[in-house]
$ cat run-v6.cif   # mmCIF, C-alpha atoms
data_my_file
#
loop_
_atom_site.label_atom_id
_atom_site.label_comp_id
_atom_site.auth_asym_id
_atom_site.auth_seq_id
_atom_site.Cartn_x
_atom_site.Cartn_y
_atom_site.Cartn_z
CA MET A 1 12.00 36.18 38.25
CA SER A 2 14.61 34.08 40.03
CA GLU A 3 14.34 30.53 38.79
CA GLU A 4 16.78 29.50 41.46
CA LEU A 5 14.52 30.81 44.22
CA VAL A 6 11.45 29.14 42.74
CA LYS A 7 13.37 25.86 42.58
CA ALA A 8 14.69 26.17 46.14
CA ILE A 9 11.21 26.76 47.57
CA SER A 10 9.48 24.13 45.47
CA GLU A 11 12.13 21.56 46.37
CA MET A 12 12.03 22.32 50.09
CA ASP A 13 15.58 23.62 50.26
CA ASP A 14 14.69 26.22 52.87
CA GLU A 15 18.26 27.21 53.66
CA ALA A 16 19.03 28.03 50.04
CA ALA A 17 15.68 29.81 49.69
CA ILE A 18 16.36 32.12 52.64
CA ASN A 19 19.92 32.85 51.52
CA LEU A 20 18.80 33.58 47.98
CA THR A 21 16.10 35.92 49.27
CA LYS A 22 18.65 37.83 51.35
CA GLU A 23 20.98 37.98 48.37
CA LEU A 24 18.24 39.25 46.05
CA LEU A 25 17.12 41.86 48.56
CA GLY A 26 20.75 42.95 48.98
CA LYS A 27 20.98 43.45 45.23
CA GLY A 28 17.93 45.68 45.36
CA THR A 29 15.44 43.27 43.80
CA ASP A 30 11.84 44.46 44.05
CA PRO A 31 10.26 42.70 47.07
CA MET A 32 7.11 42.20 45.04
CA GLU A 33 9.11 40.22 42.52
CA ILE A 34 10.32 37.92 45.29
CA LEU A 35 6.74 37.42 46.49
CA GLY A 36 5.87 36.66 42.88
CA ASP A 37 8.51 33.92 42.89
CA CYS A 38 6.97 32.54 46.08
CA ARG A 39 3.64 32.45 44.31
CA SER A 40 5.09 30.59 41.32
CA ALA A 41 6.85 28.13 43.64
CA MET A 42 3.64 27.40 45.54
CA GLU A 43 1.80 26.75 42.31
CA ILE A 44 4.43 24.11 41.49
CA VAL A 45 4.19 22.61 44.98
CA GLY A 46 0.39 22.53 44.72
CA LYS A 47 0.55 20.78 41.38
CA ARG A 48 3.03 18.17 42.60
CA PHE A 49 0.83 17.56 45.65
CA GLU A 50 -2.21 17.07 43.42
CA GLN A 51 -0.26 14.63 41.27
CA GLY A 52 0.76 12.61 44.31
CA GLU A 53 4.43 13.42 43.93
CA TYR A 54 4.42 15.47 47.15
CA PHE A 55 2.80 14.69 50.48
CA ILE A 56 1.43 16.83 53.30
CA SER A 57 4.87 17.06 54.87
CA GLU A 58 6.26 18.72 51.72
CA LEU A 59 3.33 21.12 51.68
CA ILE A 60 3.99 22.08 55.29
CA LEU A 61 7.71 22.60 54.78
CA ALA A 62 7.17 24.76 51.70
CA GLY A 63 4.58 26.74 53.65
CA GLU A 64 7.08 27.29 56.43
CA THR A 65 9.68 28.55 53.97
CA LEU A 66 7.11 30.95 52.57
CA SER A 67 6.43 32.41 56.00
CA ALA A 68 10.14 32.86 56.61
CA ILE A 69 10.61 34.63 53.28
CA SER A 70 7.61 36.87 53.76
CA GLU A 71 8.97 37.89 57.18
CA LEU A 72 12.08 39.13 55.40
CA VAL A 73 10.32 40.72 52.48
CA LYS A 74 7.17 42.27 53.89
CA PRO A 75 8.73 45.07 55.93
CA LEU A 76 10.25 46.26 52.66
CA VAL A 77 6.99 46.33 50.78
CA LYS A 78 6.22 49.96 51.19
CA ALA A 79 3.07 51.99 50.86
CA ALA A 80 0.62 49.30 51.88
CA ALA A 81 -2.22 51.40 50.56
CA SER A 82 -0.98 51.30 47.01
CA THR A 83 -0.10 47.60 46.99
CA LYS A 84 -3.19 46.40 48.87
CA LYS A 85 -5.73 47.80 46.54
CA ASN A 86 -7.66 44.71 45.74
CA GLY A 87 -9.84 44.49 48.82
CA LYS A 88 -10.10 43.10 52.32
CA ILE A 89 -10.61 39.47 53.24
CA VAL A 90 -11.16 37.83 56.59
CA ILE A 91 -10.15 34.17 56.66
CA GLY A 92 -10.21 31.40 59.25
CA THR A 93 -10.69 27.69 59.91
CA VAL A 94 -14.21 27.26 61.25
CA LYS A 95 -15.22 26.15 64.73
CA GLY A 96 -14.39 22.57 65.61
CA ASP A 97 -11.62 22.26 63.05
CA ILE A 98 -7.95 22.95 63.65
CA HIS A 99 -6.45 22.21 60.23
CA ASP A 100 -4.61 25.17 58.80
CA ILE A 101 -1.95 23.98 56.38
CA ALA A 102 -4.02 24.78 53.30
CA LYS A 103 -5.66 27.79 54.93
CA ASP A 104 -2.25 29.32 55.62
CA ILE A 105 -1.23 28.82 52.01
CA VAL A 106 -4.48 30.40 50.76
CA SER A 107 -3.98 33.27 53.19
CA PHE A 108 -0.45 33.84 51.93
CA MET A 109 -1.46 33.62 48.29
CA LEU A 110 -4.31 36.11 48.74
CA ASP A 111 -1.87 38.43 50.47
CA VAL A 112 0.70 38.33 47.69
CA ASN A 113 -2.10 38.85 45.19
CA GLY A 114 -2.80 42.26 46.64
CA PHE A 115 -5.53 41.58 49.18
CA GLU A 116 -5.46 42.78 52.76
CA VAL A 117 -5.94 39.57 54.69
CA LYS A 118 -6.98 39.18 58.30
CA ASP A 119 -6.33 35.62 59.38
CA LEU A 120 -8.28 34.59 62.48
CA GLY A 121 -6.52 31.24 62.88
CA VAL A 122 -8.25 27.95 63.69
CA ASP A 123 -11.37 26.82 65.55
CA VAL A 124 -12.91 30.24 64.93
CA ALA A 125 -16.39 30.71 66.39
CA PRO A 126 -19.15 32.20 64.19
CA GLU A 127 -19.44 35.20 66.52
CA THR A 128 -15.74 35.96 66.02
CA PHE A 129 -16.29 36.14 62.26
CA VAL A 130 -19.28 38.42 62.87
CA GLU A 131 -17.32 40.74 65.15
CA THR A 132 -14.44 40.89 62.69
CA ILE A 133 -16.75 41.76 59.81
CA LYS A 134 -18.03 44.67 61.90
CA SER A 135 -14.58 45.97 62.86
CA PHE A 136 -12.51 45.12 59.78
CA ASP A 137 -15.20 45.73 57.17
CA PRO A 138 -14.04 43.15 54.58
CA GLU A 139 -15.61 42.55 51.19
CA ILE A 140 -14.96 38.82 51.45
CA VAL A 141 -15.16 36.14 54.14
CA ALA A 142 -13.22 32.92 53.52
CA LEU A 143 -14.18 29.89 55.62
CA SER A 144 -11.78 26.97 55.67
CA GLY A 145 -12.21 23.43 56.94
CA PHE A 146 -10.75 20.00 56.39
CA LEU A 147 -13.13 17.70 58.25
CA THR A 148 -16.69 17.13 57.07
CA LEU A 149 -17.63 18.18 60.62
CA ALA A 150 -16.67 21.66 59.39
CA HIS A 151 -19.58 21.69 56.92
CA THR A 152 -22.01 22.26 59.79
CA SER A 153 -19.81 25.00 61.26
CA MET A 154 -19.61 26.71 57.87
CA LYS A 155 -23.40 26.70 57.64
CA GLU A 156 -23.69 28.05 61.19
CA THR A 157 -21.17 30.78 60.45
CA VAL A 158 -23.06 31.91 57.35
CA GLU A 159 -26.29 31.87 59.40
CA ALA A 160 -24.67 33.97 62.15
CA ILE A 161 -23.48 36.51 59.58
CA LYS A 162 -27.02 36.65 58.18
CA ALA A 163 -28.57 36.97 61.64
CA ALA A 164 -26.25 39.91 62.35
CA GLY A 165 -27.62 41.64 59.26
CA LEU A 166 -24.24 41.50 57.49
CA ARG A 167 -24.94 38.92 54.79
CA ASP A 168 -25.41 41.48 52.03
CA LYS A 169 -22.19 43.25 52.89
CA VAL A 170 -19.90 40.31 52.19
CA LYS A 171 -19.27 37.56 49.69
CA ILE A 172 -18.53 34.25 51.37
CA MET A 173 -16.26 31.54 50.00
CA ILE A 174 -15.70 28.12 51.57
CA GLY A 175 -12.71 25.93 50.95
CA GLY A 176 -11.09 22.63 51.86
CA GLY A 177 -10.42 19.13 50.64
CA THR A 178 -13.99 17.88 51.16
CA ILE A 179 -15.73 20.96 49.76
CA ASP A 180 -17.81 20.89 46.58
CA ALA A 181 -20.87 22.57 45.07
CA GLN A 182 -23.24 20.58 47.30
CA VAL A 183 -21.48 21.76 50.45
CA CYS A 184 -21.62 25.30 49.09
CA ASP A 185 -25.41 24.95 48.65
CA TYR A 186 -25.78 23.41 52.10
CA ALA A 187 -23.75 26.15 53.79
CA LYS A 188 -25.38 28.85 51.64
CA ALA A 189 -22.01 30.31 50.68
CA ASP A 190 -21.38 32.24 47.45
CA GLY A 191 -18.49 30.22 46.11
CA TRP A 192 -16.20 27.33 46.89
CA GLY A 193 -12.83 25.86 46.04
CA THR A 194 -10.33 23.17 46.86
CA ASP A 195 -7.13 25.06 46.11
CA ALA A 196 -5.51 28.47 46.53
CA MET A 197 -5.78 29.41 42.87
CA THR A 198 -9.56 29.13 42.97
CA ALA A 199 -9.66 31.33 46.09
CA ILE A 200 -7.66 33.99 44.28
CA SER A 201 -9.76 33.92 41.13
CA LEU A 202 -13.00 34.08 43.15
CA ALA A 203 -11.66 36.99 45.20
CA LYS A 204 -10.57 38.84 42.07
CA GLN A 205 -13.86 38.18 40.37
CA TRP A 206 -15.86 39.41 43.37
CA THR A 207 -13.83 42.57 43.87
CA GLY A 208 -13.29 43.33 40.20
CA ALA A 209 -9.52 43.24 40.72
CA ASN A 210 -7.12 42.22 37.99
CA MET B 1 -32.94 -11.98 60.04
CA ASP B 2 -31.30 -14.12 57.40
CA TYR B 3 -27.66 -13.26 57.89
CA THR B 4 -26.61 -15.46 55.01
CA LYS B 5 -28.05 -12.80 52.69
CA MET B 6 -26.16 -10.01 54.39
CA LEU B 7 -22.64 -8.75 53.75
CA VAL B 8 -20.50 -6.46 55.87
CA MET B 9 -18.07 -4.41 53.79
CA ALA B 10 -15.81 -2.52 56.15
CA CYS B 11 -12.60 -0.62 56.49
CA ALA B 12 -9.80 -2.51 58.23
CA THR B 13 -10.03 -0.19 61.25
CA VAL B 14 -13.80 -0.58 61.67
CA ILE B 15 -13.91 -4.34 61.24
CA GLU B 16 -11.89 -4.63 64.47
CA GLU B 17 -14.93 -3.30 66.33
CA MET B 18 -17.30 -5.64 64.50
CA THR B 19 -15.43 -8.93 64.55
CA PRO B 20 -16.21 -9.70 68.21
CA ILE B 21 -19.97 -9.39 67.60
CA LEU B 22 -20.41 -10.55 64.00
CA PRO B 23 -23.56 -12.69 63.77
CA GLU B 24 -23.14 -16.24 62.61
CA GLY B 25 -23.52 -16.76 58.90
CA ILE B 26 -22.96 -13.14 57.91
CA HIS B 27 -20.44 -12.56 55.13
CA HIS B 28 -17.75 -9.96 55.46
CA LYS B 29 -15.20 -8.24 53.31
CA VAL B 30 -12.41 -6.03 54.63
CA LEU B 31 -11.01 -3.18 52.56
CA ASP B 32 -7.65 -1.50 52.89
CA PHE B 33 -7.45 1.28 55.46
CA GLY B 34 -5.07 3.38 53.36
CA LEU B 35 -7.88 4.14 50.89
CA HIS B 36 -9.28 6.88 53.13
CA VAL B 37 -6.44 9.18 52.16
CA THR B 38 -7.78 9.36 48.59
CA PRO B 39 -11.58 9.57 48.74
CA GLU B 40 -11.96 9.10 44.97
CA LYS B 41 -10.00 5.86 45.16
CA LEU B 42 -12.04 4.68 48.13
CA ARG B 43 -15.26 5.46 46.22
CA THR B 44 -14.13 3.54 43.13
CA THR B 45 -12.97 0.59 45.21
CA LEU B 46 -16.25 0.48 47.14
CA GLN B 47 -18.26 0.66 43.94
CA ASN B 48 -16.24 -2.08 42.26
CA GLU B 49 -16.50 -4.32 45.31
CA ILE B 50 -20.25 -3.71 45.54
CA ASP B 51 -20.65 -4.46 41.84
CA SER B 52 -18.94 -7.80 42.27
CA VAL B 53 -21.05 -8.91 45.23
CA ASN B 54 -22.94 -12.13 44.71
CA ASP B 55 -26.57 -11.71 43.60
CA ASN B 56 -28.00 -13.56 46.61
CA ILE B 57 -26.82 -10.79 48.95
CA GLU B 58 -29.82 -8.60 49.80
CA THR B 59 -28.19 -6.14 52.19
CA ILE B 60 -24.74 -4.64 52.31
CA LEU B 61 -23.70 -3.02 55.58
CA LEU B 62 -20.95 -0.49 54.98
CA GLY B 63 -18.49 -0.16 57.85
CA TYR B 64 -17.74 3.42 56.87
CA GLY B 65 -18.96 6.95 57.48
CA LEU B 66 -19.12 9.82 55.04
CA CYS B 67 -15.30 9.50 54.94
CA SER B 68 -14.46 12.77 53.17
CA GLN B 69 -17.46 12.18 50.89
CA ALA B 70 -16.05 8.88 49.61
CA VAL B 71 -19.42 7.09 50.00
CA ILE B 72 -21.30 9.76 48.04
CA GLY B 73 -22.38 8.42 44.66
CA VAL B 74 -22.09 4.78 45.65
CA THR B 75 -24.96 2.54 44.57
CA ALA B 76 -25.87 -1.15 44.61
CA ARG B 77 -27.97 -2.59 41.82
CA LYS B 78 -29.52 -5.46 43.68
CA ALA B 79 -28.92 -4.87 47.38
CA THR B 80 -29.99 -2.40 50.02
CA LEU B 81 -27.07 -0.31 51.29
CA VAL B 82 -26.80 0.66 54.94
CA VAL B 83 -24.19 3.13 56.23
CA PRO B 84 -23.97 4.91 59.59
CA ARG B 85 -24.95 8.58 59.25
CA VAL B 86 -21.61 9.81 60.63
CA ASP B 87 -18.67 11.82 59.37
CA ASP B 88 -16.05 9.16 59.86
CA CYS B 89 -15.02 6.14 61.88
CA ILE B 90 -14.29 8.17 65.03
CA ALA B 91 -18.06 8.57 65.51
CA ILE B 92 -18.46 4.81 64.99
CA PHE B 93 -15.90 4.12 67.71
CA LEU B 94 -17.48 6.66 70.07
CA GLY B 95 -20.95 5.23 69.47
CA SER B 96 -22.73 8.15 67.78
CA ARG B 97 -22.41 11.35 65.78
CA ASP B 98 -23.43 13.30 68.90
CA ALA B 99 -20.70 11.71 71.02
CA TYR B 100 -18.18 12.76 68.37
CA THR B 101 -19.45 16.34 68.43
CA VAL B 102 -19.14 16.41 72.23
CA GLN B 103 -15.53 15.18 72.09
CA ASN B 104 -14.69 17.50 69.24
CA ASN B 105 -16.05 20.56 71.02
CA LYS B 106 -14.11 19.57 74.12
CA ALA B 107 -10.78 19.46 72.28
CA PRO B 108 -10.88 19.96 68.50
CA GLY B 109 -7.14 19.27 68.36
CA THR B 110 -7.47 15.61 69.19
CA TYR B 111 -5.77 12.77 67.40
CA TYR B 112 -7.84 9.64 67.99
CA LEU B 113 -6.45 6.13 68.08
CA THR B 114 -8.02 2.69 68.41
CA LYS B 115 -6.70 -0.83 68.09
CA GLY B 116 -7.56 -0.77 64.39
CA TRP B 117 -5.65 2.43 63.70
CA ILE B 118 -2.64 1.27 65.66
CA GLU B 119 -2.62 -2.16 64.02
CA VAL B 120 -2.83 -0.84 60.47
CA GLY B 121 -0.13 1.62 61.45
CA ASP B 122 -0.92 4.57 59.28
CA THR B 123 -0.76 7.67 61.50
CA PRO B 124 1.51 10.74 61.41
CA PHE B 125 3.52 8.95 64.06
CA THR B 126 4.25 5.91 61.92
CA GLU B 127 4.35 8.07 58.81
CA TYR B 128 7.23 9.87 60.50
CA ASN B 129 9.66 7.08 59.60
CA LEU B 130 8.78 7.41 55.93
CA MET B 131 9.22 11.16 56.18
CA VAL B 132 12.73 10.66 57.54
CA GLU B 133 13.54 8.48 54.55
CA ARG B 134 12.18 11.03 52.11
CA LEU B 135 13.25 14.30 53.67
CA GLY B 136 15.98 13.52 56.18
CA LYS B 137 15.62 13.64 59.96
CA ALA B 138 15.86 17.39 60.54
CA ARG B 139 13.16 18.22 57.99
CA ALA B 140 10.97 15.31 59.04
CA ASP B 141 11.14 16.52 62.66
CA ARG B 142 10.15 20.00 61.59
CA ALA B 143 7.33 18.79 59.36
CA LEU B 144 5.88 16.61 62.10
CA LYS B 145 6.10 19.39 64.64
CA LEU B 146 4.24 21.71 62.27
CA LEU B 147 1.75 18.99 61.38
CA LEU B 148 0.83 18.54 65.02
CA LYS B 149 1.08 22.14 66.12
CA ASN B 150 -2.66 22.56 66.70
CA TYR B 151 -3.07 19.19 68.35
CA THR B 152 -3.25 19.02 72.12
CA ARG B 153 -4.57 15.58 72.89
CA LEU B 154 -3.84 12.00 71.87
CA ALA B 155 -6.91 9.99 72.76
CA LEU B 156 -7.14 6.23 72.94
CA ILE B 157 -10.76 5.22 72.45
CA ASN B 158 -11.63 2.24 74.62
CA THR B 159 -14.52 0.55 72.88
CA GLY B 160 -14.46 -2.39 75.28
CA GLN B 161 -14.23 -4.80 72.37
CA TYR B 162 -10.77 -6.14 73.07
CA ASP B 163 -7.90 -6.08 75.53
CA ILE B 164 -6.78 -2.47 75.55
CA GLU B 165 -3.82 -2.85 77.91
CA ARG B 166 -1.24 -3.52 75.23
CA TYR B 167 -2.23 -0.38 73.32
CA ARG B 168 -2.26 1.91 76.37
CA GLU B 169 1.49 1.77 76.71
CA TYR B 170 2.04 2.52 73.02
CA VAL B 171 -0.31 5.49 72.99
CA ARG B 172 1.11 6.89 76.26
CA ARG B 173 4.62 6.63 74.91
CA THR B 174 3.64 8.26 71.60
CA ALA B 175 1.87 11.10 73.42
CA ASP B 176 4.97 11.72 75.53
CA ARG B 177 7.27 11.65 72.58
CA PHE B 178 5.24 14.18 70.59
CA GLY B 179 4.27 16.42 73.48
CA LEU B 180 0.55 15.61 73.50
CA ARG B 181 -1.75 15.03 76.46
CA TYR B 182 -2.66 11.37 76.79
CA GLU B 183 -6.26 10.58 77.49
CA GLU B 184 -8.29 7.42 77.40
CA ILE B 185 -11.87 8.04 76.39
CA GLU B 186 -14.79 5.72 76.59
CA GLY B 187 -16.02 4.36 73.31
CA SER B 188 -19.07 2.31 72.54
CA ASN B 189 -20.19 -0.42 70.17
CA THR B 190 -23.78 0.90 70.14
CA LEU B 191 -23.73 2.00 66.52
CA VAL B 192 -22.00 -1.13 65.23
CA LYS B 193 -24.40 -3.31 67.22
CA LYS B 194 -27.45 -1.47 65.93
CA MET B 195 -26.19 -1.83 62.38
CA LEU B 196 -25.63 -5.57 62.74
CA GLU B 197 -28.98 -6.10 64.46
CA GLY B 198 -30.95 -4.34 61.74
CA ASP B 199 -31.99 -1.46 64.00
CA TRP B 200 -31.55 1.13 61.26
CA ASP B 201 -33.13 4.27 62.66
CA GLU B 202 -32.23 7.90 61.86
CA GLU B 203 -28.62 7.16 62.78
CA PHE B 204 -28.29 5.30 59.48
CA VAL B 205 -28.56 6.05 55.81
CA VAL B 206 -30.51 3.26 54.10
CA VAL B 207 -30.80 3.23 50.32
CA LYS B 208 -32.85 0.80 48.27
CA PRO B 209 -31.39 -1.22 45.38
CA GLY B 210 -30.61 1.08 42.46
CA GLU B 211 -30.58 4.23 44.62
CA THR B 212 -27.48 6.30 45.23
CA ILE B 213 -26.01 7.52 48.50
CA CYS B 214 -26.26 11.33 48.44
CA TYR B 215 -24.71 14.22 50.33
CA SER B 216 -28.18 15.26 51.54
CA HIS B 217 -28.53 11.93 53.34
CA PHE B 218 -25.76 13.12 55.65
CA PHE B 219 -26.43 16.86 55.58
CA PRO B 220 -30.15 17.38 54.96
CA PRO B 221 -31.00 20.81 53.55
CA ASP B 222 -33.26 23.16 55.51
CA GLU B 223 -36.94 22.30 55.39
#
$ encode --input "run-v6.cif" --output "structure tokens"
Amino acid sequence: MSEELVKAISEMDDEAAINLTKELLGKGTDPMEILGDCRSAMEIVGKRFEQGEYFISELILAGETLSAISELVKPLVKAAASTKKNGKIVIGTVKGDIHDIAKDIVSFMLDVNGFEVKDLGVDVAPETFVETIKSFDPEIVALSGFLTLAHTSMKETVEAIKAAGLRDKVKIMIGGGTIDAQVCDYAKADGWGTDAMTAISLAKQWTGAN
Amino acid sequence: MDYTKMLVMACATVIEEMTPILPEGIHHKVLDFGLHVTPEKLRTTLQNEIDSVNDNIETILLGYGLCSQAVIGVTARKATLVVPRVDDCIAIFLGSRDAYTVQNNKAPGTYYLTKGWIEVGDTPFTEYNLMVERLGKARADRALKLLLKNYTRLALINTGQYDIERYREYVRRTADRFGLRYEEIEGSNTLVKKMLEGDWDEEFVVVKPGETICYSHFFPPDE
């Protein structure tokens, strides 16, 4: 683990983070180790955000650095089949909501935890989720939303999946700042969370991954 | 209606829409707008304020919506609580939950502004200056650009409650500066008026003294 890299990402020094990544890759460091550092850094950022030390802007900047690093690292992660053994997940921000800062972080974290993630973006219609379940055949569907308006969309998405006869094929998790057990009941999802770590542990639990 | 036994407890942004039509004799208390960022803090503040309300108040009208679930769990020992059955203040400004849904489906990436929001000055646009202080200009610029990347429209809601002209220019300028489409949309004081007039139909959550505001009041489960 590169403590320097973890520090650079978690303190929003994107320039140093990118340079360090290049340097590490040049030295032959395992790309998975670098992604592991990204994961550790995001856990720190998440914690500082929870404690009120960081704001949304810090979260966004760290997220941007992550994307830049993964662009550099991912092409080098070979044999996708062997590294993506944990299962397939389709993720998206539900219809009527366009917030994706947290969703992007969850998506990234699931990816570096060995899941094959298909991210459908924002304002995703229930029928798009349904179509993607048919074509991509995921084990898990992750519905994200920031506004309470999204609660209705989450419910409608779960209903659409059920109506398409696909409800038994997938586990559904919902996530976002206003999500709790009551919303999970209302939307008839299988699990819920308010941070990336919960998404990962749910996904691992549901797929039996380590 | 005996307005002397009624209290309006409202967010600083919502009170702007109520002030012009507040009935004579009604009491009112304004709470800090910034509380909405931390729903737990808003909930605690609301509960404490409600707990300290004078015993002769029989009804408390909350100038709030669900507000990221901040009103869930709130209870008044001796008064009836009334709160619009809406997600947040945008629906209050637009006049109904349905009107909000219509606008949201039209352009989900809308940043809404009203006099109240502009006056209290707590938007990503005013937040920008603080970001510059904290992160430097280059990073603040990047963060704001990313923050707004899914937004397409900056909408000024004209509720007809006050002179809008002076805010038009500000909102237009802000839209230009941040590359958003400026639009003025028609608001309404229907909901606020109904609340103040005691016309508490299905658009409101009404809980008796000692009862608690619940999630199911806003999102009823299937029959």
$ resolve_selection --input "run-v6.cif" --expression "the PyMOL selection byres ((chain A and resi 124-133) around 10)" --output "PyMOL selection string"
chain A and resi 89-98+118+120-123+134-144+153-167+169-170
$ resolve_selection --input "run-v6.cif" --expression "the PyMOL selection byres ((chain B) within 8 of (chain A))" --output "list in words"
Leu66, Ser68, Gln69, Asp87, Asn104, Asn105, Pro108, Gly109, Met131, Arg139, Ala140, Arg142, Ala143, Leu144, Leu146, Leu147, Asn150, Tyr151, Tyr215, Phe219, Pro220 and Pro221 of chain B
$ residues_near_point --input "run-v6.cif" --point "(10.9, 24.9, 44.9)" --cutoff "10 Å" --atoms "only C-alpha atoms" --output "ChimeraX atom specification"
/A:3-14,17,37-38,40-45,62,65
$ atom_distance --input "run-v6.cif" --atom1 "atom CA of B:Asp201" --atom2 "atom CA of B:Ile15"
21.1 Å
$ resolve_selection --input "run-v6.cif" --expression "the PyMOL selection byres ((chain B and resi 168) around 12)" --output "ChimeraX atom specification"
/B:113-115,118,154-158,163-167,169-175,182-185
$ write_last_selection --input "run-v6.cif" --atoms "C-alpha atoms" --output "PDB file, in the coordinates of the input"
ATOM      1  CA  LEU B 113      -6.450   6.130  68.080  1.00  0.00           C
ATOM      2  CA  THR B 114      -8.020   2.690  68.410  1.00  0.00           C
ATOM      3  CA  LYS B 115      -6.700  -0.830  68.090  1.00  0.00           C
ATOM      4  CA  ILE B 118      -2.640   1.270  65.660  1.00  0.00           C
ATOM      5  CA  LEU B 154      -3.840  12.000  71.870  1.00  0.00           C
ATOM      6  CA  ALA B 155      -6.910   9.990  72.760  1.00  0.00           C
ATOM      7  CA  LEU B 156      -7.140   6.230  72.940  1.00  0.00           C
ATOM      8  CA  ILE B 157     -10.760   5.220  72.450  1.00  0.00           C
ATOM      9  CA  ASN B 158     -11.630   2.240  74.620  1.00  0.00           C
ATOM     10  CA  ASP B 163      -7.900  -6.080  75.530  1.00  0.00           C
ATOM     11  CA  ILE B 164      -6.780  -2.470  75.550  1.00  0.00           C
ATOM     12  CA  GLU B 165      -3.820  -2.850  77.910  1.00  0.00           C
ATOM     13  CA  ARG B 166      -1.240  -3.520  75.230  1.00  0.00           C
ATOM     14  CA  TYR B 167      -2.230  -0.380  73.320  1.00  0.00           C
ATOM     15  CA  GLU B 169       1.490   1.770  76.710  1.00  0.00           C
ATOM     16  CA  TYR B 170       2.040   2.520  73.020  1.00  0.00           C
ATOM     17  CA  VAL B 171      -0.310   5.490  72.990  1.00  0.00           C
ATOM     18  CA  ARG B 172       1.110   6.890  76.260  1.00  0.00           C
ATOM     19  CA  ARG B 173       4.620   6.630  74.910  1.00  0.00           C
ATOM     20  CA  THR B 174       3.640   8.260  71.600  1.00  0.00           C
ATOM     21  CA  ALA B 175       1.870  11.100  73.420  1.00  0.00           C
ATOM     22  CA  TYR B 182      -2.660  11.370  76.790  1.00  0.00           C
ATOM     23  CA  GLU B 183      -6.260  10.580  77.490  1.00  0.00           C
ATOM     24  CA  GLU B 184      -8.290   7.420  77.400  1.00  0.00           C
ATOM     25  CA  ILE B 185     -11.870   8.040  76.390  1.00  0.00           C
TER      26      ILE B 185
END
$ residues_around --input "run-v6.cif" --residues "B:Gly63" --least-positions-apart "4" --cutoff "10 Å" --atoms "only C-alpha atoms" --output "list of chain:residue names"
B:Val8, B:Met9, B:Ala10, B:Cys11, B:Ala12, B:Thr13, B:Val14, B:Ile15, B:Glu17, B:Met18, B:Lys29, B:Val30, B:Leu31, B:Val82, B:Val83, B:Pro84, B:Asp88, B:Cys89, B:Ile92, B:Val192, B:Met195
$ closest_residue --input "run-v6.cif" --among "B:Glu127, B:Asp2, B:Glu211, B:Asp32" --to "B:Ile72" --atoms "only C-alpha atoms"
B:Glu211
$ closest_residue --input "run-v6.cif" --among "A:Thr198, A:Asn210, A:Ser70, A:Ser107" --to "A:Gly36" --atoms "only C-alpha atoms"
A:Ser70
$ residues_around --input "run-v6.cif" --residues "B:Cys214" --least-positions-apart "4" --cutoff "9 Å" --atoms "only C-alpha atoms" --output "JSON list (two decimals) with C-alpha atoms, in the frame of the given file"
[["chain", "number", "residue", "atom", "x", "y", "z"],
["B", 71, "VAL", "CA", -19.42, 7.09, 50.00],
["B", 72, "ILE", "CA", -21.30, 9.76, 48.04],
["B", 73, "GLY", "CA", -22.38, 8.42, 44.66],
["B", 74, "VAL", "CA", -22.09, 4.78, 45.65],
["B", 218, "PHE", "CA", -25.76, 13.12, 55.65]]
$ residues_near_point --input "run-v6.cif" --point "(-20.3, 31.4, 43.9)" --cutoff "9 Å" --atoms "only C-alpha atoms" --output "short mmCIF file (atom, residue, chain, number, x, y, z; two decimals) with C-alpha atoms, keeping the file's coordinate frame"
data_model
loop_
_atom_site.label_atom_id
_atom_site.label_comp_id
_atom_site.auth_asym_id
_atom_site.auth_seq_id
_atom_site.Cartn_x
_atom_site.Cartn_y
_atom_site.Cartn_z
CA LYS A 171 -19.27 37.56 49.69
CA ILE A 172 -18.53 34.25 51.37
CA MET A 173 -16.26 31.54 50.00
CA ALA A 181 -20.87 22.57 45.07
CA CYS A 184 -21.62 25.30 49.09
CA ALA A 189 -22.01 30.31 50.68
CA ASP A 190 -21.38 32.24 47.45
CA GLY A 191 -18.49 30.22 46.11
CA TRP A 192 -16.20 27.33 46.89
CA LEU A 202 -13.00 34.08 43.15
#
$ atom_distance --input "run-v6.cif" --atom1 "atom CA of B:Asn56" --atom2 "atom CA of B:Leu191"
25.6 Å
$ atom_distance --input "run-v6.cif" --atom1 "atom CA of A:Leu66" --atom2 "atom CA of B:His36"
29.1 Å
$ decode --input "run-v6.cif" --residues "stretch 191-195 of chain A" --atoms "N, CA and C atoms" --output "PDB file, in the first residue's frame"
ATOM      1  N   GLY A 191     -32.746  -4.540   0.430  1.00  0.00           N
ATOM      2  CA  GLY A 191     -31.768  -3.994   1.365  1.00  0.00           C
ATOM      3  C   GLY A 191     -31.549  -2.520   1.067  1.00  0.00           C
ATOM      4  N   TRP A 192     -30.934  -1.842   2.001  1.00  0.00           N
ATOM      5  CA  TRP A 192     -30.743  -0.404   1.822  1.00  0.00           C
ATOM      6  C   TRP A 192     -29.453   0.045   2.499  1.00  0.00           C
ATOM      7  N   GLY A 193     -28.992   1.242   2.123  1.00  0.00           N
ATOM      8  CA  GLY A 193     -27.800   1.784   2.761  1.00  0.00           C
ATOM      9  C   GLY A 193     -27.650   3.259   2.476  1.00  0.00           C
ATOM     10  N   THR A 194     -26.787   3.900   3.273  1.00  0.00           N
ATOM     11  CA  THR A 194     -26.544   5.317   3.055  1.00  0.00           C
ATOM     12  C   THR A 194     -25.070   5.580   2.728  1.00  0.00           C
ATOM     13  N   ASP A 195     -24.298   4.523   2.574  1.00  0.00           N
ATOM     14  CA  ASP A 195     -22.899   4.736   2.188  1.00  0.00           C
ATOM     15  C   ASP A 195     -22.379   3.568   1.349  1.00  0.00           C
TER      16      ASP A 195
END
